[in-house]
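Visitor: Sharing a structure with you now.
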There are 4 protein chains.
Amino acid sequence: MRTAKAAVMPDFHRPLEIREYPLPEALDPGMVLVRVEMAGICGTDVHLWKGQLPIPRPLILGHETVGTIVKLGEGVTTDWTGVPLSEGDRVTWYAGRLCGQCFYCVRKRQPTRCLKRRAYGITYACDTPPHFLGGYAEYHVLLPGSAIFKLTDLSTEMVIGAGCALNTAVHGIERVGISWGDIVVIQGSGPVGLAALAVAKTAGAHLTIVIGGPAHRLELAKQFGADQTISIEDVPDPGERIERVRSLSGGYGADVVIECVGIPSAVAEGWEMCRDGGKYLVLGHYGDAGPTALNPHVITRKQLTVYGSWASEPRHMAMALEFLRRAGDRFPFDRLVSHRFSLDRAAEALEATARWTSIKSAIVP
Amino acid sequence: MRTAKAAVMPDFHRPLEIREYPLPEALDPGMVLVRVEMAGICGTDVHLWKGQLPIPRPLILGHETVGTIVKLGEGVTTDWTGVPLSEGDRVTWYAGRLCGQCFYCVRKRQPTRCLKRRAYGITYACDTPPHFLGGYAEYHVLLPGSAIFKLTDLSTEMVIGAGCALNTAVHGIERVGISWGDIVVIQGSGPVGLAALAVAKTAGAHLTIVIGGPAHRLELAKQFGADQTISIEDVPDPGERIERVRSLSGGYGADVVIECVGIPSAVAEGWEMCRDGGKYLVLGHYGDAGPTALNPHVITRKQLTVYGSWASEPRHMAMALEFLRRAGDRFPFDRLVSHRFSLDRAAEALEATARWTSIKSAIVP
Amino acid sequence: MRTAKAAVMPDFHRPLEIREYPLPEALDPGMVLVRVEMAGICGTDVHLWKGQLPIPRPLILGHETVGTIVKLGEGVTTDWTGVPLSEGDRVTWYAGRLCGQCFYCVRKRQPTRCLKRRAYGITYACDTPPHFLGGYAEYHVLLPGSAIFKLTDLSTEMVIGAGCALNTAVHGIERVGISWGDIVVIQGSGPVGLAALAVAKTAGAHLTIVIGGPAHRLELAKQFGADQTISIEDVPDPGERIERVRSLSGGYGADVVIECVGIPSAVAEGWEMCRDGGKYLVLGHYGDAGPTALNPHVITRKQLTVYGSWASEPRHMAMALEFLRRAGDRFPFDRLVSHRFSLDRAAEALEATARWTSIKSAIVP
Amino acid sequence: MRTAKAAVMPDFHRPLEIREYPLPEALDPGMVLVRVEMAGICGTDVHLWKGQLPIPRPLILGHETVGTIVKLGEGVTTDWTGVPLSEGDRVTWYAGRLCGQCFYCVRKRQPTRCLKRRAYGITYACDTPPHFLGGYAEYHVLLPGSAIFKLTDLSTEMVIGAGCALNTAVHGIERVGISWGDIVVIQGSGPVGLAALAVAKTAGAHLTIVIGGPAHRLELAKQFGADQTISIEDVPDPGERIERVRSLSGGYGADVVIECVGIPSAVAEGWEMCRDGGKYLVLGHYGDAGPTALNPHVITRKQLTVYGSWASEPRHMAMALEFLRRAGDRFPFDRLVSHRFSLDRAAEALEATARWTSIKSAIVP
């Protein structure tokens with residue numbers, strides 16, 4: 001029986017460790033076996049490792065993955081968009097699995113809240129077969145019904161650099177809606193912030209303001225076309241940042257503010273950055289970082305609408321990949337992959353993400 | 001020079017007192033002089049009296065008023081909907097005055113946030129002429145451009161019983177949007193809650209649940225057609241109320257939850273009453289009651305949309321009055337006027353509202 | 001081998017004839033065998049019979065059916081909403097079958113345009129097993145994945161009286177959107193018109209005007225709460241009908257006009273009945289009755305939005321049945337079933353519908 | 001008494017002729033006198049000249065104008081966005097005048113359908129003072145309440161090249177809505193088509209297809225970033241054009257199709273270019289070119305939504321000018337001004353537009 005290695009999170013807060021598991025000897029119909037080429041480390045992985053969501057352990061993290069098809073199970077002939085698949089093809093995939101039949105999938109059309117939603121790298125313990133259901137590993141098993149996307153003209157770095165952040169931004173901005181001509185503020189200059197910037201700029205925003213740090217991230221924001229940046233290092237006072245946004249927006253505040261930092265206190269600050277009748281998107285709170293002081297009167301008085309958006313659907317990933325194909329030159333997501341680690345150093349890779357020293361770390365098994 | 005009496009709020013927290021002011025000797029073009037027949041006491045008046053909004057003093061409170069036209073200034077020939085006006089007509093009016101030209105009025109189409117917005121009974125000090133710009137008085141002066149509505153087939157009690165609560169509910173529910181078949185929870189059984197109930201029921205809600213108290217208000221909610229009521233006296237535990245809502249909604253929570261209580265802690269409770277992908281309307285926080293602990297992760301994870309709605313536009317009042325004409329039988333708002341006070345007892349009237357002993361108090365000068 | 005009878009349409013325009021086919025000897029997993037209790041005759045059946053859509057022949061018509069479960073195939077344990085199913089249960093079902101995976105189902109969220117959409121009584125020829133895939137028969141086979149709804153507190157007449165017309169109206173009005181307070185005109189007083197009336201009245205319309213005939217249908221419209229009716233017999237001139245609508249709507253026209261007649265010339269008439277900025281829903285053109293003269297300038301000048309809506313999704317049927325449960329008293333759809341025919345007289349039943357002599361005919365095998 | 005020259009349309013179909021009228025000797029409060037620098041000739045002017053709308057005669061055409069302020073009436077201190085105005089400033093203005101108070105302005109929020117709407121160059125006869133209420137003249141009088149925009153960093157050619165076509169496209173695309181990632185077809189490559197292309201590309205369209213001609217206009221479309229063009233000269237068969245669009249959109253058709261040609265038969269062709277569930281915008285039918293054969297069944301079966309959009313509001317012009325400031329480099333609207341004519345040759349200029357020999361003609365008095 002062949003085995004392969006994976007970086008396993010034994011429990012919350014404990015260092016990742018390398019374990020070996022047997023690869024499946026045969027594939028059930030609909031399954032696919034992939035050799036992992038690169039696995040992105042998402043900020044959410046840090047939140048998961050810190051125990052901010054109730055997930056099983058031990059677990060192989062990793063929900064942003066590119067690999068090469070080793071074996072196609074019976075019946076798998078095309079990718080999610082109808083493109084033929086063969087062994088040897090380079091692919092990526094949507095990390096979630098939705099039932100397509102439940103109250104949320106079909107009755108309320110909120111498939112990201114599918115009652116049976118599972119996600120690779122998040123909801124599958126790795127101590128039972130087929131074990132390899134997360135990206136931090138040499139191999140990945142794709143279960144029947146997975147939404148696979150064949151990569152032809154897209155580099156692996158481009159896909160991993162965009163990561164689930166781009167899917168998330170596509171979904172979130174679909175919900176909040178950007179009107180042509182809007183002034184858009186983005187709180188945060190990490191992968192989600194940069195992805196939101198790219199989507200906002202191509203969705204009609206005429207003036208974009210990115211608030212974040214450190215300097216090398218803001219530099220990247222400028223390369224992505226941010227019209228204005230505000231450094232939280234240079235302007236540590238929230239009140240002053242609010243004033244800065246107002247003065248950049250004719251005194252009124254922004255039409256849309258997008259939170260991409262995951263720090264609860266950013267929300268109260270962001271509400272004040274909205275013009276009256278403006279919109280606010282909570283996009284960075286996939287993990288539960290606890291409550292914060294918020295004033296409901298502000299929502300009423302400023303007549304705000306506050307949107308939440310959870311993860312994404314396969315169609316958002318299809319849109320994201322299509323966007324990278326068409327606009328990857330303008331938005332060089334491949335440059336986000338700043339640090340690469342072998343599988344053995346996965347624990348170190350996660351820490352680099354936790355400490356914000358990298359923009360985006362990736363595991364290259 | 002003729003004078004008339006008004007109940008004046010000298011400052012925040014101080015008892016109302018009766019003062020006399022001179023009536024205008026002549027009316028400028030566009031102005032109207034009205035003899036007040038009945039002035040409603042809105043929950044907002046209590047918030048204003050407690051200093052929850054920065055307003056001038058001394059002030060004549062009262063932004064829900066019915067009266068009889070004493071004199072029409074030059075050029076005033078019809079009401080807001082084009083109906084001819086004459087002296088002796090019984091009328092009500094939209095309490096706000098909007099400029100119709102500013103950034104918010106025409107550029108962002110948020111007229112309730114008009115940069116020059118003024119409101120009778122709220123933003124006009126009464127120590128300068130024409131003094132009578134609030135409802136708690138014998139007379140009321142309507143400035144040029146006021147949106148006046150002639151009352152023919154509507155009783156004064158019906159109009160005052162609905163009050164600004166109905167306009168507010170019409171506007172708020174327009175923003176949050178109720179889909180046909182929705183399950184709707186209303187937090188609060190005061191005038192705003194009952195108005196929200198009436199609008200929700202006629203806007204497509206198929207199951208309505210009102211949470212509030214005391215018992216006589218819930219009884220009125222039932223008369224207004226609430227399918228279910230939950231008494232905060234009988235079920236004082238928020239967690240239990242959340243479970244009650246979930247069990248009434250198939251285990252998922254409501255499609256729409258409308259906050260009509262003005263107590264910040266209701267918001268966190270209400271978010272938990274929403275199904276995933278549901279909508280929440282903050283409608284009861286016209287006054288600033290300060291911040292509360294709220295968890296942004298809940299907005300993300302449950303994929304909520306949270307709406308704020310400030311006051312109303314004249315068109316909402318036109319819709320509200322039309323609704324009372326057509327559906328007043330089904331929704332007997334006139335029964336809300338539970339307590340009447342002479343102008344001299346205005347201070348007492350305000351206190352009755354503050355203590356929730358009345359459903360709706362009115363001043364009959 | 002047991003056989004059963006069905007009324008078969010051999011080809012377009014040819015009379016229905018009774019044929020016998022073998023019942024399935026065993027059920028595949030997921031299938032259900034139902035004894036038909038009542039099958040509604042939809043106006044669409046007439047259009048199909050006239051060859052207005054490209055469908056296979058021979059065919060068993062009938063896509064509105066109530067029956068009793070004779071046998072449940074392996075794995076069928078609950079209805080579409082999660083209610084347990086047993087043999088002997090009275091049920092109805094959504095006539096369509098959607099793949100849940102195609103470009104239209106998941107990528108563009110237009111499941112009624114599913115690329116693999118099939119529909120009982122419409123797209124299944126009956127000359128191959130399992131034959132019984134339409135309602136005009138003694139038995140009906142439900143294929144795996146059918147959306148079944150158990151009926152408990154709803155009468156068969158209520159369900160058949162509402163028929164697919166109600167599902168269609170729920171979907172169409174979801175698309176066009178009725179705002180609270182709207183004036184709504186409904187062109188047509190057949191089953192779709194009455195269903196649209198019921199939905200419009202409970203979706204926020206404050207004034208409803210039904211245009212149609214003959215008199216007994218308009219009488220039913222009044223029983224369903226139409227505020228105004230206009231008889232096409234009494235007012236045969238379209239220009240005069242337009243004037244009538246305008247005068248009932250303050251001179252401006254209706255906020256929303258819903259076409260429920262299937263006659264192309266109604267569209268141009270209906271556009272003129274809309275106020276500027278109004279909305280028009282083409283709901284009655286499931287069949288292709290060919291082009292008509294329409295002026296695109298009218299859409300521009302009146303700033304209209306014209307909506308199309310095709311069939312419905314299972315969730316619309318769930319909403320429709322829930323509505324009948326709650327509001328069936330107010331909207332007595334059971335009274336629509338004006339004529340009943342034995343299966344042998346199915347040809348005659350279809351003709352009664354074609355000639356508008358019945359409101360709604362039903363086959364009782 | 002000073003006089004000035006204007007090119008006057010004496011009646012429909014009659015050649016423009018030069019007449020002299022007295023300039024106002026004094027300005028009423030709120031009025032502004034402008035020396036015309038350049039007046040654009042809009043395709044609508046041709047439609048007006050052909051009698052496609054009921055307008056008064058004699059008339060000075062011209063609703064796209066740039067000029068220099070000669071005199072400011074009392075009380076005019078800033079432009080529509082609050083920028084201070086002085087004599088000598090170069091300005092343009094919104095050609096319409098809206099009442100801000102009528103049923104359509106405030107009650108139904110459709111200000112372009114204002115019941116008292118007037119428009120320079122369209123609704124004002126020129127045989128009574130102040131005569132100069134259209135652009136084809138040496139001077140232009142702006143009446144009180146006109147929405148004036150000061151030009152600082154925008155060239156006159158850029159503003160006239162964009163003309164009312166850009167305002168119209170901004171409004172129309174706001175109504176139809178383009179989602180991020182949409183495939184958009186534009187029927188027509190004249191000024192409205194190019195403006196729609198510019199707005200669509202910056203509003204989220206990922207693939208744009210322009211259908212039109214002649215070749216030099218399609219060349220300009222490519223310079224504006226059209227991803228694909230289809231020449232009506234090379235592909236004269238509508239069926240083949242439909243196939244071309246389908247093959248460019250994965251076989252399904254476009255998400256959004258925008259009609260910018262004003263020829264009724266384009267509409268039926270365009271509906272077939274939409275994917276199911278797609279959207280169609282009738283933007284080019286400001287003039288009434290009469291009815292055409294359209295099949296309502298197509299709207300139902302394809303589940304289309306068809307939008308109309310009339311003219312624009314001042315806020316759309318503000319957005320358009322802001323867009324030109326930010327994105328004029330990418331969309332060189334100044335190059336559209338292909339032909340210039342002195343005022344004396346205004347008749348010739350109008351004919352050049354009628355014959356499509358120019359892209360955009362302008363009068364330079």
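Residues in the structure tokens are named by chain (A, B, ... in the order shown) and by number from 1 within that chain; ligands are numbered from 1 in the order shown.
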Please identify which residues in region 92-319 of chain A DSSP calls strand (DSSP E) from the backbone, and express them as a PyMOL selection string.
Guide: chain A and resi 92-93+96-97+118-119+139-142+148-150+183-187+207-212+228-231+254-259+274-282+292-294+305-308
Visitor: May I have the residues from that selection written out with C-alpha atoms, as a JSON list (two decimals), in the first residue's frame?
Guide:
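Final file, out04.json:
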```json
[["chain", "number", "residue", "atom", "x", "y", "z"],
["A", 92, "THR", "CA", -7.70, 23.70, -9.19],
["A", 93, "TRP", "CA", -11.03, 23.24, -7.46],
["A", 96, "GLY", "CA", -16.68, 23.46, -0.75],
["A", 97, "ARG", "CA", -19.17, 20.72, -1.42],
["A", 118, "ARG", "CA", -18.41, 20.45, 3.67],
["A", 119, "ALA", "CA", -15.10, 22.03, 2.76],
["A", 139, "TYR", "CA", -1.80, 14.33, -2.66],
["A", 140, "HIS", "CA", -5.41, 15.43, -2.57],
["A", 141, "VAL", "CA", -8.48, 13.28, -3.08],
["A", 142, "LEU", "CA", -11.47, 14.98, -4.72],
["A", 148, "ILE", "CA", -12.92, 21.12, -10.71],
["A", 149, "PHE", "CA", -11.45, 23.76, -13.02],
["A", 150, "LYS", "CA", -8.86, 22.89, -15.64],
["A", 183, "ILE", "CA", -16.08, 55.88, -4.13],
["A", 184, "VAL", "CA", -14.92, 52.67, -2.45],
["A", 185, "VAL", "CA", -12.84, 52.28, 0.71],
["A", 186, "ILE", "CA", -11.12, 48.99, 1.44],
["A", 187, "GLN", "CA", -10.06, 48.36, 5.02],
["A", 207, "LEU", "CA", -12.08, 56.21, -6.71],
["A", 208, "THR", "CA", -10.54, 53.53, -4.50],
["A", 209, "ILE", "CA", -8.90, 54.11, -1.13],
["A", 210, "VAL", "CA", -7.00, 51.27, 0.56],
["A", 211, "ILE", "CA", -6.28, 51.49, 4.28],
["A", 212, "GLY", "CA", -3.69, 49.10, 5.60],
["A", 228, "GLN", "CA", -5.24, 56.46, -2.60],
["A", 229, "THR", "CA", -3.70, 54.57, 0.30],
["A", 230, "ILE", "CA", -3.74, 55.34, 4.01],
["A", 231, "SER", "CA", -1.10, 53.66, 6.14],
["A", 254, "ALA", "CA", -17.48, 56.72, 0.76],
["A", 255, "ASP", "CA", -20.37, 55.10, -1.10],
["A", 256, "VAL", "CA", -19.10, 51.63, -0.18],
["A", 257, "VAL", "CA", -16.69, 50.49, 2.53],
["A", 258, "ILE", "CA", -15.36, 46.92, 2.50],
["A", 259, "GLU", "CA", -13.91, 45.41, 5.66],
["A", 274, "CYS", "CA", -19.51, 55.63, 4.89],
["A", 275, "ARG", "CA", -21.53, 58.52, 3.53],
["A", 276, "ASP", "CA", -25.15, 58.61, 4.66],
["A", 277, "GLY", "CA", -27.13, 56.02, 2.73],
["A", 278, "GLY", "CA", -23.85, 54.18, 2.08],
["A", 279, "LYS", "CA", -23.07, 50.49, 2.19],
["A", 280, "TYR", "CA", -20.73, 48.45, 4.34],
["A", 281, "LEU", "CA", -19.53, 44.92, 3.66],
["A", 282, "VAL", "CA", -18.20, 42.73, 6.47],
["A", 292, "THR", "CA", -17.12, 44.61, 19.77],
["A", 293, "ALA", "CA", -18.82, 47.87, 20.73],
["A", 294, "LEU", "CA", -21.12, 49.01, 17.91],
["A", 305, "THR", "CA", -26.91, 48.94, 4.80],
["A", 306, "VAL", "CA", -24.47, 46.41, 6.24],
["A", 307, "TYR", "CA", -23.86, 43.23, 4.26],
["A", 308, "GLY", "CA", -22.39, 39.90, 5.26]]
```
Visitor: Specify as a PDB file with C-alpha atoms, in the first residue's frame all residues of chain D found within 10 Å of chain C, counting only C-alpha atoms.
Guide:
```
ATOM      1  CA  PHE D 103     -45.802  63.020  -9.131  1.00  0.00           C
ATOM      2  CA  TYR D 104     -42.854  61.748 -11.141  1.00  0.00           C
ATOM      3  CA  LYS D 108     -42.418  57.918  -8.144  1.00  0.00           C
ATOM      4  CA  ARG D 109     -38.780  59.010  -8.329  1.00  0.00           C
ATOM      5  CA  GLN D 110     -38.722  59.119 -12.128  1.00  0.00           C
ATOM      6  CA  PRO D 111     -37.514  62.703 -12.566  1.00  0.00           C
ATOM      7  CA  THR D 112     -36.732  62.271 -16.252  1.00  0.00           C
ATOM      8  CA  ARG D 113     -40.508  61.967 -16.698  1.00  0.00           C
ATOM      9  CA  CYS D 114     -41.173  65.197 -14.764  1.00  0.00           C
ATOM     10  CA  GLY D 172     -29.546  53.498 -19.142  1.00  0.00           C
ATOM     11  CA  ARG D 175     -31.237  50.922 -15.003  1.00  0.00           C
ATOM     12  CA  VAL D 176     -30.314  47.722 -16.806  1.00  0.00           C
ATOM     13  CA  TYR D 252     -25.763  30.904 -24.804  1.00  0.00           C
ATOM     14  CA  ASP D 255     -25.941  38.594 -20.376  1.00  0.00           C
ATOM     15  CA  GLY D 262     -32.882  53.626 -33.051  1.00  0.00           C
ATOM     16  CA  ILE D 263     -34.047  51.236 -35.762  1.00  0.00           C
ATOM     17  CA  PRO D 264     -37.045  49.214 -34.528  1.00  0.00           C
ATOM     18  CA  SER D 265     -36.045  45.949 -36.227  1.00  0.00           C
ATOM     19  CA  ALA D 266     -32.878  45.846 -34.128  1.00  0.00           C
ATOM     20  CA  VAL D 267     -34.974  44.952 -31.106  1.00  0.00           C
ATOM     21  CA  ALA D 268     -36.177  41.534 -32.263  1.00  0.00           C
ATOM     22  CA  ARG D 275     -29.018  34.426 -23.090  1.00  0.00           C
ATOM     23  CA  ASP D 276     -32.046  33.089 -21.261  1.00  0.00           C
ATOM     24  CA  GLY D 277     -32.633  35.200 -18.184  1.00  0.00           C
ATOM     25  CA  GLY D 278     -30.697  37.990 -19.868  1.00  0.00           C
ATOM     26  CA  LYS D 279     -31.389  41.705 -19.995  1.00  0.00           C
ATOM     27  CA  TYR D 280     -32.111  44.050 -22.870  1.00  0.00           C
ATOM     28  CA  LEU D 281     -31.928  47.823 -22.818  1.00  0.00           C
ATOM     29  CA  VAL D 282     -33.792  49.917 -25.383  1.00  0.00           C
ATOM     30  CA  LEU D 283     -31.593  53.006 -25.371  1.00  0.00           C
ATOM     31  CA  GLY D 284     -31.675  54.298 -28.926  1.00  0.00           C
ATOM     32  CA  HIS D 285     -35.389  54.996 -29.348  1.00  0.00           C
ATOM     33  CA  TYR D 286     -35.712  58.564 -28.100  1.00  0.00           C
ATOM     34  CA  GLY D 287     -37.517  59.317 -31.357  1.00  0.00           C
ATOM     35  CA  ASP D 288     -40.684  57.518 -32.349  1.00  0.00           C
ATOM     36  CA  ALA D 289     -39.840  55.405 -35.400  1.00  0.00           C
ATOM     37  CA  GLY D 290     -43.063  53.434 -35.185  1.00  0.00           C
ATOM     38  CA  PRO D 291     -43.972  49.855 -34.314  1.00  0.00           C
ATOM     39  CA  THR D 292     -42.212  46.694 -35.395  1.00  0.00           C
ATOM     40  CA  ALA D 293     -42.989  42.978 -35.255  1.00  0.00           C
ATOM     41  CA  LEU D 294     -42.030  41.602 -31.832  1.00  0.00           C
ATOM     42  CA  ASN D 295     -42.973  38.295 -30.238  1.00  0.00           C
ATOM     43  CA  PRO D 296     -43.980  38.520 -26.554  1.00  0.00           C
ATOM     44  CA  HIS D 297     -43.473  34.759 -26.238  1.00  0.00           C
ATOM     45  CA  VAL D 298     -39.730  35.362 -26.609  1.00  0.00           C
ATOM     46  CA  ILE D 299     -39.768  37.528 -23.478  1.00  0.00           C
ATOM     47  CA  THR D 300     -41.546  34.762 -21.589  1.00  0.00           C
ATOM     48  CA  ARG D 301     -39.631  31.774 -22.928  1.00  0.00           C
ATOM     49  CA  LYS D 302     -36.215  33.373 -22.641  1.00  0.00           C
ATOM     50  CA  GLN D 303     -37.240  34.954 -19.347  1.00  0.00           C
ATOM     51  CA  LEU D 304     -35.901  38.324 -20.443  1.00  0.00           C
ATOM     52  CA  THR D 305     -36.130  41.684 -18.773  1.00  0.00           C
ATOM     53  CA  VAL D 306     -36.407  44.623 -21.158  1.00  0.00           C
ATOM     54  CA  TYR D 307     -35.555  48.063 -19.850  1.00  0.00           C
ATOM     55  CA  GLY D 308     -36.352  51.513 -21.151  1.00  0.00           C
ATOM     56  CA  SER D 309     -34.506  54.639 -20.141  1.00  0.00           C
ATOM     57  CA  TRP D 310     -35.449  58.173 -21.056  1.00  0.00           C
ATOM     58  CA  ALA D 311     -32.805  60.888 -21.241  1.00  0.00           C
TER      59      ALA D 311
END
```
Visitor: If you run DSSP on the backbone, which residues of region 128-342 of chain A are helix (DSSP H, G or I), as a PyMOL selection string?
Guide: chain A and resi 156-176+191-202+215-223+238-248+265-273+296-301+314-327+333-336
Visitor: Excluding Val32 (chain C) and any residue of its chain fewer than 3 positions from it, enumerate the residues within 12 Å of it, using only C-alpha atoms, and give them as number ranges by chain.
Guide: C: 23-24, 26-29, 35, 67-79, 85-89, 91-93, 130, 132-133, 139-148
Visitor: Limited to N, CA and C atoms, could you put the picked residues into a file as a compact mmCIF listing (two decimals), in the first residue's frame?
Guide:
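Here's the written file selection_31.txt:
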```txt
# COMPACT_ATOMS: atom_id res chain seq x y z
N LEU C 23 -48.35 -0.89 -16.52
CA LEU C 23 -47.76 -0.22 -15.36
C LEU C 23 -46.39 -0.83 -15.10
N PRO C 24 -45.49 -0.08 -14.51
CA PRO C 24 -44.17 -0.67 -14.22
C PRO C 24 -44.32 -1.82 -13.22
N ALA C 26 -41.83 -3.14 -11.41
CA ALA C 26 -41.07 -2.80 -10.20
C ALA C 26 -40.62 -1.36 -10.34
N LEU C 27 -40.38 -0.71 -9.22
CA LEU C 27 -39.94 0.68 -9.27
C LEU C 27 -38.44 0.77 -9.06
N ASP C 28 -37.77 1.55 -9.89
CA ASP C 28 -36.36 1.84 -9.64
C ASP C 28 -36.25 2.64 -8.35
N PRO C 29 -35.05 2.65 -7.75
CA PRO C 29 -34.86 3.48 -6.57
C PRO C 29 -35.21 4.93 -6.89
N ARG C 35 -51.65 6.77 -7.81
CA ARG C 35 -52.99 6.63 -8.40
C ARG C 35 -53.56 8.03 -8.54
N GLY C 67 -52.78 12.94 -6.42
CA GLY C 67 -53.02 11.50 -6.38
C GLY C 67 -52.62 10.90 -5.05
N THR C 68 -52.75 9.58 -4.99
CA THR C 68 -52.43 8.86 -3.76
C THR C 68 -51.27 7.92 -4.04
N ILE C 69 -50.31 7.92 -3.12
CA ILE C 69 -49.13 7.09 -3.32
C ILE C 69 -49.51 5.61 -3.23
N VAL C 70 -49.20 4.86 -4.30
CA VAL C 70 -49.44 3.43 -4.32
C VAL C 70 -48.19 2.69 -3.86
N LYS C 71 -47.07 3.19 -4.32
CA LYS C 71 -45.81 2.52 -3.97
C LYS C 71 -44.68 3.53 -3.98
N LEU C 72 -43.83 3.43 -2.96
CA LEU C 72 -42.65 4.28 -2.85
C LEU C 72 -41.43 3.49 -3.26
N GLY C 73 -40.65 4.00 -4.21
CA GLY C 73 -39.39 3.34 -4.56
C GLY C 73 -38.39 3.48 -3.43
N GLU C 74 -37.39 2.65 -3.47
CA GLU C 74 -36.34 2.66 -2.45
C GLU C 74 -35.72 4.05 -2.30
N GLY C 75 -35.58 4.47 -1.06
CA GLY C 75 -34.89 5.73 -0.81
C GLY C 75 -35.78 6.95 -0.75
N VAL C 76 -37.05 6.80 -1.10
CA VAL C 76 -37.95 7.96 -1.00
C VAL C 76 -38.61 7.94 0.37
N THR C 77 -38.19 8.85 1.23
CA THR C 77 -38.70 8.82 2.60
C THR C 77 -39.44 10.09 3.00
N THR C 78 -39.12 11.18 2.33
CA THR C 78 -39.77 12.45 2.68
C THR C 78 -40.19 13.20 1.43
N ASP C 79 -41.06 14.18 1.64
CA ASP C 79 -41.42 15.05 0.51
C ASP C 79 -40.36 16.14 0.39
N LEU C 85 -43.04 10.59 4.06
CA LEU C 85 -44.01 10.08 3.09
C LEU C 85 -44.29 8.60 3.34
N SER C 86 -45.55 8.22 3.14
CA SER C 86 -45.95 6.81 3.26
C SER C 86 -46.89 6.46 2.11
N GLU C 87 -46.99 5.18 1.84
CA GLU C 87 -47.98 4.75 0.87
C GLU C 87 -49.36 5.11 1.41
N GLY C 88 -50.23 5.56 0.53
CA GLY C 88 -51.55 6.02 0.94
C GLY C 88 -51.65 7.52 1.12
N ASP C 89 -50.52 8.18 1.18
CA ASP C 89 -50.55 9.64 1.33
C ASP C 89 -51.07 10.30 0.06
N VAL C 91 -50.83 13.33 -2.38
CA VAL C 91 -49.71 14.20 -2.75
C VAL C 91 -50.00 14.94 -4.05
N THR C 92 -49.23 16.02 -4.25
CA THR C 92 -49.12 16.66 -5.55
C THR C 92 -47.64 16.82 -5.83
N TRP C 93 -47.27 17.32 -6.98
CA TRP C 93 -45.84 17.44 -7.29
C TRP C 93 -45.60 18.54 -8.30
N PRO C 130 -41.60 4.55 -18.81
CA PRO C 130 -42.73 4.04 -18.01
C PRO C 130 -44.07 4.64 -18.41
N PHE C 132 -46.41 6.43 -18.10
CA PHE C 132 -47.34 7.28 -17.32
C PHE C 132 -46.66 8.52 -16.74
N LEU C 133 -46.34 9.46 -17.63
CA LEU C 133 -45.63 10.66 -17.19
C LEU C 133 -46.44 11.93 -17.49
N TYR C 139 -52.92 6.39 -13.63
CA TYR C 139 -51.73 6.35 -12.77
C TYR C 139 -50.69 7.34 -13.27
N HIS C 140 -49.78 7.68 -12.37
CA HIS C 140 -48.68 8.57 -12.74
C HIS C 140 -47.42 8.01 -12.11
N VAL C 141 -46.37 7.93 -12.89
CA VAL C 141 -45.06 7.54 -12.35
C VAL C 141 -44.25 8.80 -12.08
N LEU C 142 -43.67 8.87 -10.89
CA LEU C 142 -42.78 9.99 -10.57
C LEU C 142 -41.35 9.49 -10.62
N LEU C 143 -40.54 10.11 -11.45
CA LEU C 143 -39.15 9.70 -11.63
C LEU C 143 -38.30 10.18 -10.45
N PRO C 144 -37.12 9.59 -10.27
CA PRO C 144 -36.26 9.98 -9.14
C PRO C 144 -35.98 11.48 -9.15
N GLY C 145 -35.99 12.07 -7.97
CA GLY C 145 -35.69 13.48 -7.85
C GLY C 145 -36.89 14.40 -8.03
N SER C 146 -38.06 13.84 -8.20
CA SER C 146 -39.25 14.69 -8.34
C SER C 146 -39.54 15.41 -7.03
N ALA C 147 -40.03 16.63 -7.15
CA ALA C 147 -40.37 17.41 -5.95
C ALA C 147 -41.83 17.14 -5.59
N ILE C 148 -42.00 16.28 -4.59
CA ILE C 148 -43.34 15.84 -4.16
C ILE C 148 -43.75 16.65 -2.94
```
Visitor: So, with only C-alpha atoms as the atoms that count, which of B:Asp127, B:Asp334, B:Glu64, B:Glu219 lies closest to Met9 (chain B)?
Guide: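 Using only C-alpha atoms, the shortest distance to Met9 (chain B) belongs to B:Asp127.
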